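Novice: Please find one structure pasted underneath; my questions will follow.
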Amino acid sequence: MAIMSRVFTPLRRFVVAAFLMDMCSGAVGIGLQFMGKHLGASPVQLGLIGTCGAAAYTGACLVAGRLSDRFGRKLSLSLATVGAACGWLLMAHASNPFQLMALGAWSMGCMAFFWPAYQAWMAEITVGGRHQLNRNIGMFNVAWTLGLATGPVLTGALWPLGPAAVFGAVIAAGACALLLVLSTPQRVAGGGIVDTTEAYDRAHPLAEPLLRLAWIIGFAACAVVALVFTTFPNLGLTIGYSPLVVGVLVAFVRVGQFLTFVMARLSDRWQNRKWPLAAGPTLAAVGMLAAFVFGIKPVYALAFMLCGGAQAMAFAASQFYALHGRSEGRGRMAGFHEAVVGAGYLSGPLVGGPVAQYFTLRTPLLAAVYVYVAALLVAWAAWPRLVRLLAPQATATRLPSTNIPASP
C-alpha cells in the first residue's frame, strides 16, 4: 500500500485526472457536432451548440472559483463531474439541435466548477514553492493538451458504433477521473505554503499587472485559436484538402501548445517578464499574415503552430501569476483565469463566422492578424496604468530583476 501511495502521488493522480477530463471535453465537443449533423442541424445551429457551451462556461467561472474557496475543492470537483456526466448521458438521447445546445451549456457550466477548483487545489498540494509550482503547472498543461488531442480521436473511432458508445466511453473516463479526485487528500504536509522570507518564492512586485497583461493577450490568443477551429475546416475542404489533411493541419495548434507548455515547464526564465507575452502574438500575427498571403499547407501548419504557442504562453503565464504567492483566494483567481479563456473561445467564432460569410473563406486569417495587433496595442497602452493602479511601488518601464532571481 505504501509503494502504491508513492507511485500514485496526489499530483500524479491530478495529472491523470486532467488528461481524462479534457479527453472527455474533446470527445464531447466533436461528438456534439456529429450528433447535431445527424439530427439535421443547420451550420448556424452547429455553431450555436459550441457558443452556448462557451457562454455558460465563461459565466459560471466567474462564481465557481469563489465558491470552491468557500465550500472546498473536492466537493466542487465531485459535483462538477457528476453533473457533467448526467449531461453526457442525455446527449446520446437528444432528438433535436436545441436539446444539444441546452445539454452543451449544462455540461460546460458544470466544467466551470471543475477547472478553477482543480488548479487552486493543485497549488495547495504543491510542495516546493515557485519552482515546483511551475513544474506542476507545466505537467498539468501538457496533460490537458494531450487529452484534448485524444478526445476527437476517441469519438472518431467509436462513432460508427453509435452515439451511445461515444458518450458511454466519455462517462466511463469521467468516472475514473472522479475516483482519482476522491482519492486525493485535501491537503499535504507543506503544500501551498507561501514563504515570504525567501525572495525567490515571494510574488514579484509586478505580478498583478503581469496577470492582467496575460489576460489581455490570452483573450486574443484564445479567440484566434477558436477562429481557426471554426473557420479553417470549411476553407480547407472548399479548396480541395481531404478531411484528413484538414484535421492534421488544425492539429498543429495542439502541437504548438504542447511544445510551449513543455518549454515553459523546463525553464522559469519566462516568468516576471513582459517580452514572452508579447513575442507569442507577434510571431503568430506574422504567421497568420503569411498564411493569408501564400495559402499553402506548410505555411498553414506553421501559422497554426505559432497560434497554439501564443495561446499556451499566455495561458501558462496567467496560471502562474494567478496561483503563485497567494495564501488565499486561489479559487477566485483561477476562476477569472478560466473565464478569460472561455470568453476568448466564445468570441472567436462570433468574429470568424460573419467575416467568412460576408467576405471570403480566407479572410478570417487576416482578421486573426488584426486581433493580435489590437491585443498588443491594448496591452502596450494599458501597461503604465496597470502598474500605477496595481503596483505603485514598482517602475513602469523596467522590471526589477536583481531582487528576485529567475531560478534558485
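Just remember, in the C-alpha cells the first chain shown is A, the second B, etc., residues are 1-based per chain, and ligands are 1-based in the order shown.
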Write out as a list of chain:residue names which residues come within 6 Å of Gly151 of chain A when counting only C-alpha atoms, dropping same-chain ones fewer than 6 positions away.

Specialist: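 Listed by chain and then number, they are A:Met23, A:Gly26, A:Ala27.
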
Novice: Tell me, as an mmCIF file with C-alpha atoms, in the first residue's frame, which residues lie within 6 Å of Met305 of chain A, counting only C-alpha atoms; anything in the same chain fewer than 2 positions away does not count.

Specialist:
data_model
loop_
_atom_site.group_PDB
_atom_site.id
_atom_site.type_symbol
_atom_site.label_atom_id
_atom_site.label_comp_id
_atom_site.auth_asym_id
_atom_site.auth_seq_id
_atom_site.Cartn_x
_atom_site.Cartn_y
_atom_site.Cartn_z
ATOM 1 C CA PHE A 252 -0.731 21.844 -35.394
ATOM 2 C CA VAL A 253 -2.428 24.225 -32.948
ATOM 3 C CA GLY A 256 2.319 24.485 -30.693
ATOM 4 C CA LEU A 302 3.495 26.820 -39.186
ATOM 5 C CA ALA A 303 0.934 29.588 -38.635
ATOM 6 C CA CYS A 307 -1.115 30.409 -32.769
ATOM 7 C CA GLY A 308 -1.089 27.470 -30.377
#

Novice: What is the distance between atom CA of Val224 of chain A and atom CA of Ala279 of chain A, in Å to one decimal?

Specialist: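 Going from atom CA of Val224 of chain A over to atom CA of Ala279 of chain A covers 15.6 Å.
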
Novice: Report the closest atom pair, with its distance in Å rounded to one decimal, for each residue of segment 200-310 of chain A that has an atom no farther than 8 Å from segment 362-370 of chain A; count only C-alpha atoms, sort by chain and then rising residue number, and write it as a Markdown table.

Specialist:
| residue | atom | partner | partner_atom | distance |
| --- | --- | --- | --- | --- |
| A:Val224 | CA | A:Ala368 | CA | 5.7 |
| A:Leu227 | CA | A:Pro364 | CA | 7.4 |
| A:Val228 | CA | A:Leu365 | CA | 7.9 |
| A:Thr231 | CA | A:Pro364 | CA | 7.3 |
| A:Leu235 | CA | A:Arg362 | CA | 6.7 |
| A:Ala284 | CA | A:Val369 | CA | 7.9 |
| A:Ala285 | CA | A:Val369 | CA | 4.8 |
| A:Val286 | CA | A:Val369 | CA | 7.6 |
| A:Met288 | CA | A:Leu365 | CA | 5.8 |
| A:Leu289 | CA | A:Leu366 | CA | 6.1 |
| A:Ala291 | CA | A:Leu365 | CA | 7.1 |
| A:Phe292 | CA | A:Leu365 | CA | 5.6 |

Novice: Show which residues sit within 12 Å of Arg135 of chain A, as a count of residues only. Count only C-alpha atoms, and ignore same-chain residues fewer than 5 positions away.

Specialist: 22

Novice: What's the 8 Å shell around Trp215 of chain A, counting only C-alpha atoms, without same-chain residues fewer than 6 positions away, as an MDAnalysis selection string?

Specialist: chainID A and resid 314 318 337 340

Novice: Please save C-alpha atoms of the selected residues as a PDB file, in the first residue's frame.

Specialist:
ATOM      1  CA  ALA A 314      -0.439  33.428 -22.206  1.00  0.00           C
ATOM      2  CA  SER A 318      -1.994  33.623 -16.399  1.00  0.00           C
ATOM      3  CA  HIS A 337      -8.294  32.885 -15.477  1.00  0.00           C
ATOM      4  CA  VAL A 340     -10.854  34.754 -19.836  1.00  0.00           C
TER       5      VAL A 340
END

Novice: Fewer than 3 positions away in the same chain doesn't count, so skip those; otherwise give me all residues within 9 Å of segment 93-96 of chain A, counting only C-alpha atoms, as a CSV table (one decimal) with N, CA and C atoms, in the first residue's frame.

Specialist:
chain,number,residue,atom,x,y,z
A,35,MET,N,-23.4,14.7,-33.7
A,35,MET,CA,-24.8,14.4,-33.3
A,35,MET,C,-25.7,15.5,-33.9
A,36,GLY,N,-25.3,16.7,-33.9
A,36,GLY,CA,-26.1,17.8,-34.5
A,36,GLY,C,-26.3,17.6,-36.0
A,39,LEU,N,-28.8,15.0,-36.5
A,39,LEU,CA,-30.1,15.4,-36.3
A,39,LEU,C,-30.6,16.5,-37.3
A,40,GLY,N,-29.8,16.8,-38.3
A,40,GLY,CA,-30.1,17.8,-39.3
A,40,GLY,C,-29.9,19.2,-38.9
A,41,ALA,N,-29.0,19.5,-38.0
A,41,ALA,CA,-28.8,20.9,-37.6
A,41,ALA,C,-28.2,21.7,-38.7
A,89,LEU,N,-24.8,11.8,-20.5
A,89,LEU,CA,-25.7,10.6,-20.7
A,89,LEU,C,-26.9,11.0,-21.5
A,90,LEU,N,-27.5,12.2,-21.3
A,90,LEU,CA,-28.7,12.7,-22.0
A,90,LEU,C,-28.3,13.1,-23.5
A,99,GLN,N,-31.9,20.7,-28.0
A,99,GLN,CA,-31.6,19.9,-26.8
A,99,GLN,C,-30.1,19.8,-26.7
A,100,LEU,N,-29.4,19.7,-27.8
A,100,LEU,CA,-27.9,19.7,-27.7
A,100,LEU,C,-27.3,21.0,-27.2
A,103,LEU,N,-27.9,21.0,-23.5
A,103,LEU,CA,-27.0,20.0,-22.8
A,103,LEU,C,-25.6,20.4,-22.9
A,163,PRO,N,-23.9,6.9,-31.1
A,163,PRO,CA,-23.7,7.9,-30.1
A,163,PRO,C,-23.6,7.3,-28.7
A,164,ALA,N,-24.3,6.3,-28.4
A,164,ALA,CA,-24.3,5.7,-27.1
A,164,ALA,C,-22.9,5.2,-26.7

Novice: Have a look at atom CA of Ala382 of chain A and atom CA of Ile217 of chain A and let me know their distance in Å, one decimal.

Specialist: 11.8 Å
